[in-house]
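Since the structure comes first, as structure tokens, the remarks are kept for the end.
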Amino acid sequence: MTNENGPQKLGFCGFLNVLKPPGMTSAQVVGRVRRLLGGEKVGHAGTLDPEAAGVLPLMIGKAARLFDYLQDKGKAYIAEVAFGCATDTQDAQGQVIACGDAYPTEAALRAALPAFLGEQMQTPPMYSALKRDGRRLYQLARNGETVALEGRPVTVNALTLLGITPRHGALIALRCSKGFYVRTLCRDLGEALGCPAHMRFLLRTQSGVFSLAEARTLEEVRFAAENGGLGALLTPMEAAVGHLPGFTVPPRLEKAFGNGIPLETSAVPSCTLEEGELVRLYLAEQLAAIGVCRGDTIRLRTWLGD
């Protein structure tokens, strides 16, 4: 919503599923939405490389406190692998470091994919936003510095060849765990098939509970903000943590719980929890906190109230 003095701060809370265009950083998307909201707190739940497109969930207001509890932080992508050259960044934006013309056949590519399924260790690329001694790896790489990188456990749940594309390319679809680098997969596919390769294109089709079908373009977000309809685009906070069991704090105990006093599980009807299990807690039908089971009590883990 806007007025003659600029955007109006509305105090929204929830998740905004944005369709990030290629050519923008995730931080730039956050900045644009924050301006539309008149400075409201906005963060992103999982970055996308500047040239990648697709689902970029934004956390608005108090929703940022729920990041650690989002259901299934797994991701889904469609990517194009380009065979014939490898780059230092493992994508089309980098400098060519190796070339070859032993282009794989479709049959060879299909045969190679199963080896990349399941749990595995993946070494992240130097050109990434990971930090080493307080500095981003891509900053070190741009300065010509290299560091020894350790493999990280990741999982590829599904990997499918969608088809062959022009200029010695292949389109693949995959579902993977958080922290997985698709461009590294493209590089590794090239190595496995004896032909240097890099990632030419990347589209994120899902991030946790947020999918491409429901993603909104920045133009749609701007129009909604200018016409007072942005609230209708937000996914409520509880929808993103609906996988957690939910209970209502008895009215007589609301004040005590809000002050940090543990809630006895016996005071909550039908409350059956395991040690360490997380739970949604409601005060007067409003999601107010995330708690954790400790013995016979529910202790406050994250407060969502004002």
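Numbering starts fresh at 1 for the residues of each chain in the structure tokens, the chains themselves are lettered A, B, ... in the order given, and ligands are numbered from 1 as they appear.
For range 161-165 of chain A, the set of protein, DNA and RNA residues having any atom at most 10 Å away, when counting only C-alpha atoms and skipping those fewer than 3 positions along the same chain, is Ile78, Ala79, Glu80, Val81, Ala82, Thr105, Glu106, Leu109, Arg110, Leu113, His168, Gly169, Ala170, Leu171, Ile172, Ala173 and Leu174 of chain A.
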Atoms to include: C-alpha atoms. Write the selected residues as an mmCIF file, in the first residue's frame.
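Result file part_35.cif:
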data_model
loop_
_atom_site.group_PDB
_atom_site.id
_atom_site.type_symbol
_atom_site.label_atom_id
_atom_site.label_comp_id
_atom_site.auth_asym_id
_atom_site.auth_seq_id
_atom_site.Cartn_x
_atom_site.Cartn_y
_atom_site.Cartn_z
ATOM 1 C CA ILE A 78 15.501 -28.302 -13.390
ATOM 2 C CA ALA A 79 18.980 -27.712 -14.740
ATOM 3 C CA GLU A 80 20.718 -27.749 -18.099
ATOM 4 C CA VAL A 81 24.116 -29.402 -18.256
ATOM 5 C CA ALA A 82 26.391 -28.101 -21.022
ATOM 6 C CA THR A 105 25.297 -40.028 -25.960
ATOM 7 C CA GLU A 106 21.839 -39.935 -24.429
ATOM 8 C CA LEU A 109 24.052 -40.037 -19.839
ATOM 9 C CA ARG A 110 21.070 -42.073 -18.663
ATOM 10 C CA LEU A 113 22.748 -40.744 -13.519
ATOM 11 C CA HIS A 168 25.543 -30.452 -26.547
ATOM 12 C CA GLY A 169 23.260 -29.911 -23.580
ATOM 13 C CA ALA A 170 21.009 -32.059 -21.440
ATOM 14 C CA LEU A 171 18.057 -31.110 -19.270
ATOM 15 C CA ILE A 172 17.817 -32.865 -15.901
ATOM 16 C CA ALA A 173 15.329 -32.727 -13.021
ATOM 17 C CA LEU A 174 16.328 -33.509 -9.451
#
Nearest to Leu37 in chain A, chosen from A:Pro104, A:Pro166, A:Gly229, A:Gly144, with only C-alpha atoms counted in the distances: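 With only C-alpha atoms as the atom set, the closest residue is A:Gly229.
Each of A:Arg200, A:His44, A:Lys20, A:Arg299 was compared to Leu66 in chain A using only C-alpha atoms, and A:His44 turns out to be the nearest.
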Nearest candidate to Pro114 in chain A (options A:Gly194, A:Cys13, A:Leu58, A:Asn157; using only C-alpha atoms):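 Closest residue, counting only C-alpha atoms: A:Asn157.
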Which of range 113-263 of chain A DSSP labels alpha helix (DSSP H), written as a count of residues only: 36
Strand (DSSP E or B) per DSSP on the backbone: members of range 64-135 of chain A, as a PDB file with N, CA and C atoms, in the first residue's frame:
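Listed below is the output, selection.pdb:
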ATOM      1  N   LYS A  75      15.041 -29.392  -1.756  1.00  0.00           N
ATOM      2  CA  LYS A  75      14.837 -28.544  -2.923  1.00  0.00           C
ATOM      3  C   LYS A  75      14.584 -29.415  -4.157  1.00  0.00           C
ATOM      4  N   ALA A  76      13.974 -28.805  -5.169  1.00  0.00           N
ATOM      5  CA  ALA A  76      13.791 -29.462  -6.465  1.00  0.00           C
ATOM      6  C   ALA A  76      14.215 -28.484  -7.554  1.00  0.00           C
ATOM      7  N   TYR A  77      14.867 -28.996  -8.574  1.00  0.00           N
ATOM      8  CA  TYR A  77      15.424 -28.145  -9.625  1.00  0.00           C
ATOM      9  C   TYR A  77      15.231 -28.771 -10.998  1.00  0.00           C
ATOM     10  N   ILE A  78      15.272 -27.905 -12.000  1.00  0.00           N
ATOM     11  CA  ILE A  78      15.501 -28.302 -13.390  1.00  0.00           C
ATOM     12  C   ILE A  78      16.760 -27.571 -13.830  1.00  0.00           C
ATOM     13  N   ALA A  79      17.700 -28.308 -14.353  1.00  0.00           N
ATOM     14  CA  ALA A  79      18.980 -27.712 -14.740  1.00  0.00           C
ATOM     15  C   ALA A  79      19.388 -28.195 -16.126  1.00  0.00           C
ATOM     16  N   GLU A  80      20.152 -27.351 -16.812  1.00  0.00           N
ATOM     17  CA  GLU A  80      20.718 -27.749 -18.099  1.00  0.00           C
ATOM     18  C   GLU A  80      22.223 -27.927 -17.927  1.00  0.00           C
ATOM     19  N   VAL A  81      22.688 -29.107 -18.263  1.00  0.00           N
ATOM     20  CA  VAL A  81      24.116 -29.402 -18.256  1.00  0.00           C
ATOM     21  C   VAL A  81      24.661 -29.126 -19.648  1.00  0.00           C
ATOM     22  N   ALA A  82      25.764 -28.395 -19.733  1.00  0.00           N
ATOM     23  CA  ALA A  82      26.391 -28.101 -21.022  1.00  0.00           C
ATOM     24  C   ALA A  82      27.709 -28.851 -21.105  1.00  0.00           C
ATOM     25  N   PHE A  83      27.803 -29.789 -22.043  1.00  0.00           N
ATOM     26  CA  PHE A  83      29.030 -30.562 -22.223  1.00  0.00           C
ATOM     27  C   PHE A  83      29.939 -29.883 -23.245  1.00  0.00           C
ATOM     28  N   CYS A  85      32.852 -27.928 -22.138  1.00  0.00           N
ATOM     29  CA  CYS A  85      33.818 -27.133 -21.391  1.00  0.00           C
ATOM     30  C   CYS A  85      33.431 -27.054 -19.926  1.00  0.00           C
ATOM     31  N   ALA A  86      34.447 -26.970 -19.092  1.00  0.00           N
ATOM     32  CA  ALA A  86      34.262 -26.765 -17.652  1.00  0.00           C
ATOM     33  C   ALA A  86      34.721 -25.354 -17.321  1.00  0.00           C
ATOM     34  N   THR A  87      34.128 -24.767 -16.274  1.00  0.00           N
ATOM     35  CA  THR A  87      34.489 -23.409 -15.877  1.00  0.00           C
ATOM     36  C   THR A  87      34.916 -23.382 -14.414  1.00  0.00           C
ATOM     37  N   ASP A  91      29.567 -22.876 -13.602  1.00  0.00           N
ATOM     38  CA  ASP A  91      28.374 -22.443 -14.337  1.00  0.00           C
ATOM     39  C   ASP A  91      28.796 -21.594 -15.534  1.00  0.00           C
ATOM     40  N   VAL A  96      36.506 -20.423 -18.717  1.00  0.00           N
ATOM     41  CA  VAL A  96      36.718 -21.794 -19.184  1.00  0.00           C
ATOM     42  C   VAL A  96      38.080 -22.294 -18.698  1.00  0.00           C
ATOM     43  N   ILE A  97      38.081 -23.482 -18.099  1.00  0.00           N
ATOM     44  CA  ILE A  97      39.334 -24.055 -17.597  1.00  0.00           C
ATOM     45  C   ILE A  97      39.662 -25.390 -18.252  1.00  0.00           C
ATOM     46  N   ALA A  98      38.722 -25.964 -18.998  1.00  0.00           N
ATOM     47  CA  ALA A  98      38.980 -27.234 -19.686  1.00  0.00           C
ATOM     48  C   ALA A  98      37.967 -27.397 -20.806  1.00  0.00           C
ATOM     49  N   CYS A  99      38.417 -28.012 -21.907  1.00  0.00           N
ATOM     50  CA  CYS A  99      37.533 -28.256 -23.043  1.00  0.00           C
ATOM     51  C   CYS A  99      37.690 -29.691 -23.521  1.00  0.00           C
ATOM     52  N   GLY A 118      21.091 -40.868  -3.989  1.00  0.00           N
ATOM     53  CA  GLY A 118      21.286 -41.300  -2.620  1.00  0.00           C
ATOM     54  C   GLY A 118      22.199 -40.401  -1.807  1.00  0.00           C
ATOM     55  N   GLU A 119      22.564 -40.890  -0.634  1.00  0.00           N
ATOM     56  CA  GLU A 119      23.438 -40.138   0.260  1.00  0.00           C
ATOM     57  C   GLU A 119      24.861 -40.165  -0.270  1.00  0.00           C
ATOM     58  N   GLN A 120      25.541 -39.039  -0.144  1.00  0.00           N
ATOM     59  CA  GLN A 120      26.895 -38.925  -0.688  1.00  0.00           C
ATOM     60  C   GLN A 120      27.600 -37.747  -0.036  1.00  0.00           C
ATOM     61  N   MET A 121      28.898 -37.658  -0.282  1.00  0.00           N
ATOM     62  CA  MET A 121      29.681 -36.513   0.167  1.00  0.00           C
ATOM     63  C   MET A 121      29.952 -35.640  -1.056  1.00  0.00           C
ATOM     64  N   GLN A 122      29.680 -34.348  -0.913  1.00  0.00           N
ATOM     65  CA  GLN A 122      29.903 -33.424  -2.020  1.00  0.00           C
ATOM     66  C   GLN A 122      30.825 -32.293  -1.552  1.00  0.00           C
ATOM     67  N   LYS A 131      31.534 -19.630   4.139  1.00  0.00           N
ATOM     68  CA  LYS A 131      32.577 -18.830   4.772  1.00  0.00           C
ATOM     69  C   LYS A 131      33.723 -19.689   5.278  1.00  0.00           C
ATOM     70  N   ARG A 132      34.909 -19.126   5.209  1.00  0.00           N
ATOM     71  CA  ARG A 132      36.098 -19.716   5.818  1.00  0.00           C
ATOM     72  C   ARG A 132      36.840 -18.592   6.538  1.00  0.00           C
ATOM     73  N   ARG A 135      35.412 -15.112   5.879  1.00  0.00           N
ATOM     74  CA  ARG A 135      35.398 -14.584   4.517  1.00  0.00           C
ATOM     75  C   ARG A 135      34.667 -15.543   3.593  1.00  0.00           C
TER      76      ARG A 135
END
Distance query range 279-296 of chain A at most 9 Å, only C-alpha atoms, self and fewer than 6 positions along chain excluded, as a ChimeraX atom specification: /A:66,69,237-238,241-242,244-251,254,258,263-266,273,302-305
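In this comparison, which uses only C-alpha atoms, the residue of A:Met126, A:Ala224, A:Leu278, A:Leu203 approaching Arg142 in chain A most closely is A:Met126.
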CA of Gly100 in chain A to CA of Thr123 in chain A, distance in Å rounded to a single decimal: 23.1 Å
